[in-house]
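The file data-v8.pdb contains PDB, C-alpha atoms:
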ATOM      1  CA  MET A   5     133.117  74.036 148.107
ATOM      2  CA  ARG A   6     129.372  73.756 147.674
ATOM      3  CA  TRP A   7     129.113  77.180 146.100
ATOM      4  CA  LEU A   8     131.610  76.130 143.498
ATOM      5  CA  LEU A   9     129.577  73.074 142.630
ATOM      6  CA  LEU A  10     126.450  75.189 142.432
ATOM      7  CA  LEU A  11     128.177  77.602 140.087
ATOM      8  CA  VAL A  12     129.173  74.764 137.831
ATOM      9  CA  VAL A  13     125.652  73.359 137.788
ATOM     10  CA  VAL A  14     124.171  76.740 136.929
ATOM     11  CA  ALA A  15     126.684  77.301 134.184
ATOM     12  CA  VAL A  16     126.016  73.936 132.641
ATOM     13  CA  GLY A  17     122.275  74.176 133.082
ATOM     14  CA  PHE A  18     121.994  77.466 131.237
ATOM     15  CA  PRO A  19     124.230  77.318 128.228
ATOM     16  CA  GLY A  20     124.586  80.752 126.773
ATOM     17  CA  GLY A  21     124.373  82.414 130.139
ATOM     18  CA  ALA A  22     124.562  86.188 129.717
ATOM     19  CA  ALA A  23     124.425  85.758 125.953
ATOM     20  CA  ALA A  24     120.634  85.115 126.182
ATOM     21  CA  ALA A  25     118.659  87.703 124.176
ATOM     22  CA  TRP A  26     116.310  90.282 125.566
ATOM     23  CA  ALA A  27     112.678  89.395 124.897
ATOM     24  CA  LEU A  28     110.484  92.369 124.064
ATOM     25  CA  THR A  29     106.746  92.513 123.607
ATOM     26  CA  THR A  30     104.552  95.467 122.838
ATOM     27  CA  SER A  31     101.058  96.212 121.625
ATOM     28  CA  GLY A  32      99.789  98.453 118.867
ATOM     29  CA  SER A  33      97.994  98.378 115.558
ATOM     30  CA  GLY A  34      98.840  97.300 112.080
ATOM     31  CA  ALA A  35      97.030  98.740 109.083
ATOM     32  CA  ALA A  36      95.485  97.377 105.905
ATOM     33  CA  ARG A  37      93.443  99.009 103.166
ATOM     34  CA  ALA A  38      90.548  97.839 101.015
ATOM     35  CA  LYS A  39      90.087  98.396  97.334
ATOM     36  CA  THR A  40      87.144 100.186  95.783
ATOM     37  CA  LEU A  41      84.972  98.544  93.181
ATOM     38  CA  GLY A  42      84.827 100.622  90.015
ATOM     39  CA  PRO A  43      81.693 101.570  88.077
ATOM     40  CA  GLY A  44      79.968  99.395  85.541
ATOM     41  CA  ASN A  45      80.393 100.026  81.857
ATOM     42  CA  ALA A  46      77.263 100.670  79.799
ATOM     43  CA  PRO A  47      76.110  97.384  78.199
ATOM     44  CA  SER A  48      74.910  96.698  74.721
ATOM     45  CA  ALA A  49      71.668  94.851  74.076
ATOM     46  CA  SER A  50      70.319  92.948  71.081
ATOM     47  CA  VAL A  51      66.853  91.502  70.499
ATOM     48  CA  SER A  52      65.744  88.188  69.048
ATOM     49  CA  GLY A  53      62.017  87.647  69.506
ATOM     50  CA  HIS A  54      61.454  87.844  73.253
ATOM     51  CA  LYS A  55      65.108  87.201  74.032
ATOM     52  CA  VAL A  56      67.471  90.044  74.794
ATOM     53  CA  THR A  57      71.220  89.410  74.917
ATOM     54  CA  VAL A  58      73.103  91.873  77.095
ATOM     55  CA  SER A  59      76.905  92.254  76.911
ATOM     56  CA  TRP A  60      79.381  94.510  78.653
ATOM     57  CA  THR A  61      83.087  94.968  79.325
ATOM     58  CA  ALA A  62      84.752  94.160  82.635
ATOM     59  CA  SER A  63      84.922  96.590  85.487
ATOM     60  CA  SER A  64      87.957  96.917  87.715
ATOM     61  CA  TYR A  65      88.929  97.612  91.281
ATOM     62  CA  THR A  66      91.177 100.454  92.207
ATOM     63  CA  ASN A  67      94.742  99.138  92.062
ATOM     64  CA  GLY A  68      93.659  96.619  89.445
ATOM     65  CA  GLY A  69      91.775  93.380  89.289
ATOM     66  CA  ALA A  70      88.515  92.651  87.548
ATOM     67  CA  ALA A  71      85.178  92.529  89.289
ATOM     68  CA  ALA A  72      84.013  89.008  89.993
ATOM     69  CA  GLY A  73      80.375  89.510  89.121
ATOM     70  CA  TYR A  74      77.654  91.791  87.808
ATOM     71  CA  VAL A  75      74.003  92.462  88.512
ATOM     72  CA  VAL A  76      71.817  93.185  85.482
ATOM     73  CA  ARG A  77      68.746  95.431  85.562
ATOM     74  CA  ARG A  78      66.110  96.221  82.942
ATOM     75  CA  PHE A  79      64.270  99.577  82.700
ATOM     76  CA  ASN A  80      60.954 100.334  81.075
ATOM     77  CA  VAL A  81      61.597 103.296  78.825
ATOM     78  CA  SER A  82      58.041 104.611  79.144
ATOM     79  CA  SER A  83      57.793 104.548  82.953
ATOM     80  CA  GLY A  84      61.446 104.696  83.837
ATOM     81  CA  ILE A  85      60.886 101.924  86.372
ATOM     82  CA  GLY A  86      63.705  99.422  86.721
ATOM     83  CA  GLN A  87      63.748  95.831  87.886
ATOM     84  CA  THR A  88      66.289  93.079  88.291
ATOM     85  CA  ALA A  89      66.592  91.089  85.088
ATOM     86  CA  SER A  90      65.452  87.466  85.228
ATOM     87  CA  ASN A  91      65.297  84.249  83.225
ATOM     88  CA  GLY A  92      68.962  83.957  82.354
ATOM     89  CA  CYS A  93      70.194  87.270  83.704
ATOM     90  CA  SER A  94      69.142  86.965  87.344
ATOM     91  CA  GLY A  95      71.398  87.106  90.356
ATOM     92  CA  THR A  96      75.093  87.832  90.070
ATOM     93  CA  ILE A  97      76.503  87.004  86.656
ATOM     94  CA  SER A  98      80.195  86.081  86.556
ATOM     95  CA  ALA A  99      80.369  86.243  82.739
ATOM     96  CA  LEU A 100      80.360  89.394  80.641
ATOM     97  CA  THR A 101      77.148  88.523  78.844
ATOM     98  CA  CYS A 102      73.769  86.996  79.521
ATOM     99  CA  THR A 103      70.515  86.415  77.638
ATOM    100  CA  GLU A 104      67.213  87.256  79.262
ATOM    101  CA  ASN A 105      64.366  85.100  77.993
ATOM    102  CA  GLY A 106      60.671  85.899  77.950
ATOM    103  CA  VAL A 107      61.069  89.650  77.926
ATOM    104  CA  PRO A 108      57.637  91.325  77.637
ATOM    105  CA  ALA A 109      56.829  93.421  74.606
ATOM    106  CA  GLY A 110      57.875  97.015  75.021
ATOM    107  CA  SER A 111      60.870  99.325  74.931
ATOM    108  CA  TRP A 112      63.689  98.479  77.329
ATOM    109  CA  GLN A 113      67.093  99.594  78.505
ATOM    110  CA  TYR A 114      69.651  97.643  80.545
ATOM    111  CA  THR A 115      72.307  98.491  83.108
ATOM    112  CA  ILE A 116      74.946  96.435  84.892
ATOM    113  CA  THR A 117      76.398  96.880  88.373
ATOM    114  CA  PRO A 118      79.732  95.330  89.411
ATOM    115  CA  ALA A 119      79.356  93.049  92.431
ATOM    116  CA  ALA A 120      81.631  91.197  94.854
ATOM    117  CA  GLY A 121      80.034  89.714  97.928
ATOM    118  CA  ASN A 122      78.102  92.590  99.477
ATOM    119  CA  TRP A 123      80.148  95.147  97.620
ATOM    120  CA  ARG A 124      78.636  97.012  94.701
ATOM    121  CA  GLY A 125      80.207  99.343  92.200
ATOM    122  CA  ALA A 126      78.359 102.241  90.675
ATOM    123  CA  GLU A 127      75.627 101.253  88.290
ATOM    124  CA  SER A 128      76.429 101.805  84.629
ATOM    125  CA  THR A 129      74.615 104.205  82.402
ATOM    126  CA  LYS A 130      71.762 102.681  80.439
ATOM    127  CA  SER A 131      72.134 100.776  77.188
ATOM    128  CA  ALA A 132      70.541 101.895  73.989
ATOM    129  CA  VAL A 133      66.812 101.227  73.753
ATOM    130  CA  VAL A 134      65.741  97.835  72.505
ATOM    131  CA  VAL A 135      62.199  97.119  71.311
ATOM    132  CA  VAL A 136      60.742  93.687  71.965
TER     133      VAL A 136
ATOM    134  CA  MET B  15     190.567  58.154 143.551
ATOM    135  CA  THR B  16     193.182  59.824 141.353
ATOM    136  CA  ARG B  17     192.721  61.377 137.973
ATOM    137  CA  GLY B  18     195.073  58.893 136.374
ATOM    138  CA  SER B  19     193.160  58.225 133.230
ATOM    139  CA  PHE B  20     190.179  59.228 131.156
ATOM    140  CA  ALA B  21     188.482  55.920 131.986
ATOM    141  CA  ASP B  22     188.787  56.574 135.643
ATOM    142  CA  ASP B  23     186.911  59.849 135.278
ATOM    143  CA  LEU B  24     183.936  58.276 133.588
ATOM    144  CA  PHE B  25     183.683  55.045 135.441
ATOM    145  CA  PRO B  26     184.558  55.293 139.090
ATOM    146  CA  GLY B  27     185.870  51.801 139.484
ATOM    147  CA  PRO B  28     184.328  49.593 142.121
ATOM    148  CA  GLU B  29     180.946  51.410 142.348
ATOM    149  CA  PHE B  30     180.134  51.017 138.691
ATOM    150  CA  GLN B  31     177.804  48.231 137.626
ATOM    151  CA  GLU B  32     176.964  47.383 134.061
ATOM    152  CA  PRO B  33     173.212  47.919 133.500
ATOM    153  CA  THR B  34     171.292  44.783 132.697
ATOM    154  CA  SER B  35     168.521  46.673 130.804
ATOM    155  CA  VAL B  36     167.760  50.165 129.483
ATOM    156  CA  GLU B  37     165.076  52.145 131.295
ATOM    157  CA  ARG B  38     163.114  54.766 129.337
ATOM    158  CA  ILE B  39     162.111  57.834 131.246
ATOM    159  CA  ASP B  40     159.055  59.740 129.908
ATOM    160  CA  PRO B  41     159.108  63.531 130.289
ATOM    161  CA  VAL B  42     155.927  63.693 132.376
ATOM    162  CA  VAL B  43     155.524  66.627 134.699
ATOM    163  CA  THR B  44     153.196  66.203 137.587
ATOM    164  CA  ILE B  45     151.694  69.271 139.244
ATOM    165  CA  LYS B  46     150.029  68.893 142.541
ATOM    166  CA  LEU B  47     146.993  71.124 143.082
ATOM    167  CA  SER B  48     145.103  71.746 146.216
ATOM    168  CA  ARG B  49     141.432  70.695 146.185
ATOM    169  CA  LYS B  50     140.249  74.294 146.361
ATOM    170  CA  LEU B  51     142.370  75.365 143.433
ATOM    171  CA  PHE B  52     141.235  72.373 141.407
ATOM    172  CA  PHE B  53     137.535  73.122 141.860
ATOM    173  CA  ALA B  54     138.044  76.807 141.213
ATOM    174  CA  LEU B  55     139.691  76.058 137.882
ATOM    175  CA  ALA B  56     136.931  73.587 137.023
ATOM    176  CA  ALA B  57     134.279  76.193 137.724
ATOM    177  CA  ILE B  58     135.983  78.777 135.537
ATOM    178  CA  ALA B  59     136.264  76.256 132.723
ATOM    179  CA  ALA B  60     132.576  75.442 132.991
ATOM    180  CA  LEU B  61     131.583  79.087 132.907
ATOM    181  CA  VAL B  62     133.671  79.749 129.832
ATOM    182  CA  ALA B  63     132.222  76.714 128.099
ATOM    183  CA  SER B  64     128.685  77.797 128.887
ATOM    184  CA  GLY B  65     129.187  81.229 127.404
ATOM    185  CA  VAL B  66     128.682  83.181 130.595
ATOM    186  CA  LEU B  67     132.106  84.647 130.777
ATOM    187  CA  LEU B  68     132.507  84.634 127.032
ATOM    188  CA  ALA B  69     129.342  86.671 126.606
ATOM    189  CA  ALA B  70     130.381  89.184 129.157
ATOM    190  CA  TRP B  71     133.671  89.647 127.414
ATOM    191  CA  SER B  72     132.171  89.982 123.969
ATOM    192  CA  THR B  73     129.496  92.481 124.961
ATOM    193  CA  SER B  74     131.829  94.742 126.846
ATOM    194  CA  GLY B  75     134.358  94.486 124.073
ATOM    195  CA  SER B  76     131.916  95.361 121.333
ATOM    196  CA  GLY B  77     130.654  98.389 123.156
ATOM    197  CA  ASN B  78     127.025  97.451 122.923
ATOM    198  CA  GLY B  79     125.117  99.173 125.665
ATOM    199  CA  TYR B  80     122.680  96.394 126.260
ATOM    200  CA  ALA B  81     125.125  94.302 128.182
ATOM    201  CA  LYS B  82     125.409  97.064 130.705
ATOM    202  CA  ALA B  83     121.808  98.229 130.698
ATOM    203  CA  GLY B  84     119.557  97.248 133.525
ATOM    204  CA  SER B  85     116.494  96.894 131.308
ATOM    205  CA  ALA B  86     115.298  97.147 127.728
ATOM    206  CA  SER B  87     112.709  99.638 126.557
ATOM    207  CA  ALA B  88     109.557  98.458 124.834
ATOM    208  CA  LEU B  89     109.222  98.871 121.102
ATOM    209  CA  THR B  90     106.674 101.428 119.964
ATOM    210  CA  ILE B  91     104.202 100.961 117.140
ATOM    211  CA  GLY B  92     103.194 103.914 115.045
ATOM    212  CA  ASP B  93     100.471 104.684 112.530
ATOM    213  CA  ALA B  94     101.228 102.853 109.299
ATOM    214  CA  SER B  95      97.974 103.708 107.536
ATOM    215  CA  ALA B  96      99.709 106.077 105.114
ATOM    216  CA  SER B  97     101.905 103.226 103.940
ATOM    217  CA  THR B  98      99.080 100.855 103.116
ATOM    218  CA  SER B  99      98.261  99.810  99.605
ATOM    219  CA  ALA B 100      94.668  99.013  98.687
ATOM    220  CA  ASP B 101      94.664  95.283  98.093
ATOM    221  CA  LEU B 102      91.750  93.865 100.084
ATOM    222  CA  TYR B 103      88.446  92.941  98.517
ATOM    223  CA  PRO B 104      85.916  90.197  99.177
ATOM    224  CA  GLY B 105      87.507  86.798  98.695
ATOM    225  CA  ALA B 106      91.076  88.086  98.651
ATOM    226  CA  SER B 107      94.003  88.383 101.037
ATOM    227  CA  GLY B 108      96.163  91.420 101.577
ATOM    228  CA  ALA B 109      99.114  92.875 103.424
ATOM    229  CA  VAL B 110      99.370  94.486 106.825
ATOM    230  CA  LYS B 111     101.722  97.395 107.362
ATOM    231  CA  LEU B 112     103.438  97.712 110.715
ATOM    232  CA  GLU B 113     105.502 100.737 111.725
ATOM    233  CA  VAL B 114     107.846  99.872 114.567
ATOM    234  CA  THR B 115     110.362 102.009 116.438
ATOM    235  CA  ASN B 116     113.196 100.499 118.418
ATOM    236  CA  PRO B 117     114.211 102.979 121.141
ATOM    237  CA  ASN B 118     116.994 100.747 122.392
ATOM    238  CA  SER B 119     120.694 101.048 121.722
ATOM    239  CA  PHE B 120     120.795  97.521 120.369
ATOM    240  CA  PRO B 121     119.179  96.003 117.273
ATOM    241  CA  VAL B 122     116.160  93.760 117.573
ATOM    242  CA  ARG B 123     114.482  91.076 115.520
ATOM    243  CA  ILE B 124     110.706  90.896 115.385
ATOM    244  CA  THR B 125     109.744  87.254 115.557
ATOM    245  CA  GLY B 126     105.982  87.320 115.903
ATOM    246  CA  VAL B 127     102.901  89.448 115.336
ATOM    247  CA  THR B 128      99.664  88.141 116.756
ATOM    248  CA  LYS B 129      96.212  89.651 116.988
ATOM    249  CA  GLN B 130      95.251  90.851 120.421
ATOM    250  CA  THR B 131      92.646  88.549 121.864
ATOM    251  CA  SER B 132      90.650  91.407 123.353
ATOM    252  CA  GLY B 133      90.849  93.815 120.445
ATOM    253  CA  SER B 134      88.692  93.970 117.360
ATOM    254  CA  ILE B 135      89.456  95.101 113.858
ATOM    255  CA  ALA B 136      87.996  98.510 113.096
ATOM    256  CA  SER B 137      87.814 100.780 110.070
ATOM    257  CA  ASN B 138      87.687 104.453 109.266
ATOM    258  CA  LYS B 139      84.295 103.979 107.605
ATOM    259  CA  GLY B 140      82.138 103.969 110.691
ATOM    260  CA  ALA B 141      79.857 101.618 112.529
ATOM    261  CA  THR B 142      78.235  99.944 109.536
ATOM    262  CA  CYS B 143      81.536  98.715 108.187
ATOM    263  CA  ASN B 144      82.887  97.965 111.655
ATOM    264  CA  ALA B 145      79.897  95.739 112.325
ATOM    265  CA  SER B 146      80.956  93.501 109.455
ATOM    266  CA  THR B 147      84.434  94.201 108.148
ATOM    267  CA  GLY B 148      84.875  90.640 106.922
ATOM    268  CA  VAL B 149      88.562  91.082 107.738
ATOM    269  CA  THR B 150      90.527  88.435 109.611
ATOM    270  CA  PHE B 151      94.166  88.488 110.672
ATOM    271  CA  THR B 152      96.387  85.422 110.577
ATOM    272  CA  ASP B 153      98.934  85.325 113.398
ATOM    273  CA  GLN B 154     102.473  85.598 112.134
ATOM    274  CA  THR B 155     105.214  83.529 113.781
ATOM    275  CA  GLY B 156     108.790  82.706 112.934
ATOM    276  CA  LEU B 157     109.388  86.145 111.492
ATOM    277  CA  THR B 158     112.870  87.583 110.966
ATOM    278  CA  LEU B 159     112.142  91.285 110.707
ATOM    279  CA  ASP B 160     115.292  93.098 111.772
ATOM    280  CA  LEU B 161     115.281  96.601 113.185
ATOM    281  CA  ALA B 162     118.449  98.548 113.888
ATOM    282  CA  ALA B 163     119.140 100.319 117.151
ATOM    283  CA  GLY B 164     117.157 103.527 117.426
ATOM    284  CA  ALA B 165     115.506 102.964 114.048
ATOM    285  CA  THR B 166     111.947 103.162 112.773
ATOM    286  CA  SER B 167     110.835 100.881 109.969
ATOM    287  CA  THR B 168     107.591  99.999 108.288
ATOM    288  CA  PHE B 169     107.264  96.286 107.708
ATOM    289  CA  THR B 170     104.944  94.536 105.295
ATOM    290  CA  LEU B 171     103.238  91.361 106.429
ATOM    291  CA  SER B 172     102.152  89.979 103.099
ATOM    292  CA  GLY B 173      98.981  87.925 103.070
ATOM    293  CA  ALA B 174      98.415  88.465 106.783
ATOM    294  CA  VAL B 175      94.792  89.572 106.350
ATOM    295  CA  GLY B 176      91.907  88.177 104.398
ATOM    296  CA  MET B 177      88.488  89.546 103.525
ATOM    297  CA  SER B 178      85.365  87.451 103.222
ATOM    298  CA  ASN B 179      82.187  88.117 101.288
ATOM    299  CA  ALA B 180      80.672  89.221 104.580
ATOM    300  CA  SER B 181      82.424  92.550 104.243
ATOM    301  CA  ASP B 182      79.852  95.319 104.161
ATOM    302  CA  ASN B 183      79.538  97.474 101.055
ATOM    303  CA  SER B 184      80.521 100.510 103.109
ATOM    304  CA  CYS B 185      83.958  98.964 103.678
ATOM    305  CA  GLN B 186      85.083  99.816 100.172
ATOM    306  CA  GLY B 187      88.265 101.875 100.357
ATOM    307  CA  ALA B 188      88.427 101.488 104.127
ATOM    308  CA  ILE B 189      91.603 101.601 106.159
ATOM    309  CA  PHE B 190      91.509  98.920 108.810
ATOM    310  CA  THR B 191      93.348  99.064 112.109
ATOM    311  CA  ILE B 192      94.295  95.677 113.469
ATOM    312  CA  PRO B 193      95.243  95.448 117.152
ATOM    313  CA  VAL B 194      98.332  93.276 117.493
ATOM    314  CA  ASP B 195     100.968  92.165 119.947
ATOM    315  CA  VAL B 196     104.519  92.279 118.649
ATOM    316  CA  THR B 197     107.202  89.966 119.981
ATOM    317  CA  ALA B 198     110.880  90.703 119.449
ATOM    318  CA  VAL B 199     114.301  89.712 120.739
ATOM    319  CA  SER B 200     117.587  91.558 120.906
ATOM    320  CA  ASN B 201     119.623  90.851 117.840
ATOM    321  CA  ALA B 202     123.147  92.020 118.620
TER     322      ALA B 202
END

Give the structure from the file, written as structure tokens.
Amino acid sequence: MRWLLLLVVVAVGFPGGAAAAWALTTSGSGAARAKTLGPGNAPSASVSGHKVTVSWTASSYTNGGAAAGYVVRRFNVSSGIGQTASNGCSGTISALTCTENGVPAGSWQYTITPAAGNWRGAESTKSAVVVV
Amino acid sequence: MTRGSFADDLFPGPEFQEPTSVERIDPVVTIKLSRKLFFALAAIAALVASGVLLAAWSTSGSGNGYAKAGSASALTIGDASASTSADLYPGASGAVKLEVTNPNSFPVRITGVTKQTSGSIASNKGATCNASTGVTFTDQTGLTLDLAAGATSTFTLSGAVGMSNASDNSCQGAIFTIPVDVTAVSNA
């Protein structure tokens, strides 16, 4: 008789019995892919005294989406040496325009480079020459 | 007694007594069971109620092999890199593609995908990117990704990965492999 009682207890204690599902686990790898930041578009530049206003159009990632920021550089036309713009155009600019103040006298060209975190797109071609 | 009259047939004279009240007899049938038979029937009833016997009947009746199989085979995970869509960039989240094959003769449901604790996310862009992918995987639970018997499917885990600004510049366009553990249950 005891085995019958045990059978009943087991049956009640595990509702579902043989209907319980198989549990399966396995290991492997999923995959994800990163975008590529597109190149910068050549900016335009205009002069007012020692202020130069630089403007450009947005750059995009592959598969869409606009770049979050841009780095602006200024090149001396005579020497060809470039430097990061400053005084209003330093760092990463989230807008599509900036004005650099206190630009030294001379002939200059500007470029922009799309930026997102540590990512950089290809630098744009140079703007037309501006004379300060 | 003689058959002299109709009344004599129905009412046998001296033995008959007029009833003083009417007794109602309920049609109850009583069956006596032995103790062994009683407990045996109780056990069978309990098993049916719990699903044990019911499950056995339903699986054998449906023809699903899993009820008869001694074990289930592990799912296999293939290379889903060709199915990926470039959607990760610094500050954004993206999808993970997972190609799973079910070698069993019964359907399964994937319920969870978690990152392996010992594995690290790598890329096809080399050591510089791998040193700082900026990619993190969010464990997925409560999934209901169904996979038919013997089938291979590529599932999309939307928003399962994110990329921080720490991602190295060399990670642009990278394909990342994310070591995961997949949990599933039979889904017959």

Separation of CA of Lys129 in chain B from CA of Thr168 in chain B in Å: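 Separation of CA of Thr168 in chain B and CA of Lys129 in chain B: 17.7 Å.
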
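Between CA of Asn105 in chain A and CA of Trp123 in chain A lies a distance of 27.1 Å.
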
Given 8 Å of margin on each side, can you work out the centre and size in Å (one decimal) of an axis-aligned box holding every listed atom of range 108-113 of chain A, as AutoDock Vina command-line options?
--center_x 62.0 --center_y 95.5 --center_z 76.6 --size_x 26.3 --size_y 24.3 --size_z 19.9

Could you check which of A:Val133, A:Ala25, A:Val58, A:Ala71 is closest to Thr103 in chain A, using all atoms listed in the file?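 So, comparing all the options, the nearest one is A:Val58.
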
Mind listing as a ChimeraX atom specification which residues of chain B are within 6 Å of chain A, counting all atoms listed in the file? /B:57,60-61,64-66,69,91,94-95,98,100-103,110-112,179,182-183,186-200

Assuming the chain letters and numbering stay as they are in my file, what does the PyMOL selection byres ((chain B and resi 157-165) around 12) actually select? List them as number ranges by chain. B: 78-80, 86-91, 112-128, 153-156, 166-172, 196-202

Translate the PyMOL selection byres ((chain A and resi 61) around 9), as applied to the file shown, into an explicit residue set as a ChimeraX atom specification. /A:44-47,59-60,62-63,100-101

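One distance worth recording is that between CA of Asn91 in chain A and CA of Val107 in chain A, which is 8.7 Å.
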
Go through the shown structure with the PyMOL selection byres ((chain B and resi 151) around 6) and write out the matching residues as a compact mmCIF listing (two decimals) with C-alpha atoms, in the frame of the given file.
# COMPACT_ATOMS: atom_id res chain seq x y z
CA THR B 150 90.53 88.44 109.61
CA THR B 152 96.39 85.42 110.58
CA ALA B 174 98.42 88.46 106.78
CA VAL B 175 94.79 89.57 106.35

Residues within 8 Å of Pro43 in chain A, all atoms listed in the file, excluding chain neighbours under 3 positions, as a PDB file with C-alpha atoms, in the coordinates of the input:
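File written: out14.pdb
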ATOM      1  CA  SER A  63      84.922  96.590  85.487  1.00  0.00           C
ATOM      2  CA  SER A  64      87.957  96.917  87.715  1.00  0.00           C
ATOM      3  CA  THR A 117      76.398  96.880  88.373  1.00  0.00           C
ATOM      4  CA  PRO A 118      79.732  95.330  89.411  1.00  0.00           C
ATOM      5  CA  GLY A 125      80.207  99.343  92.200  1.00  0.00           C
ATOM      6  CA  ALA A 126      78.359 102.241  90.675  1.00  0.00           C
ATOM      7  CA  GLU A 127      75.627 101.253  88.290  1.00  0.00           C
ATOM      8  CA  SER A 128      76.429 101.805  84.629  1.00  0.00           C
TER       9      SER A 128
END

Which one of A:Phe79, A:Ser50, A:Ile85, A:Ser98 sits closest to Thr129 in chain A if you count all atoms listed in the file?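 Answer, going by the shortest atom-to-atom distance: A:Phe79.
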
Identify which of the residues A:Val135, A:Val56, A:Ala70, A:Val51 lies closest to Ser90 in chain A, counting only C-alpha atoms when measuring atom-to-atom distances.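 Ranking A:Val135, A:Val56, A:Ala70, A:Val51 by distance to Ser90 in chain A, first place goes to A:Val56.
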
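For the residues B:Ser99, B:Cys143, B:Gly148, B:Ser85, ranking by smallest atom-to-atom distance to Ser184 in chain B using only C-alpha atoms places B:Cys143 first.
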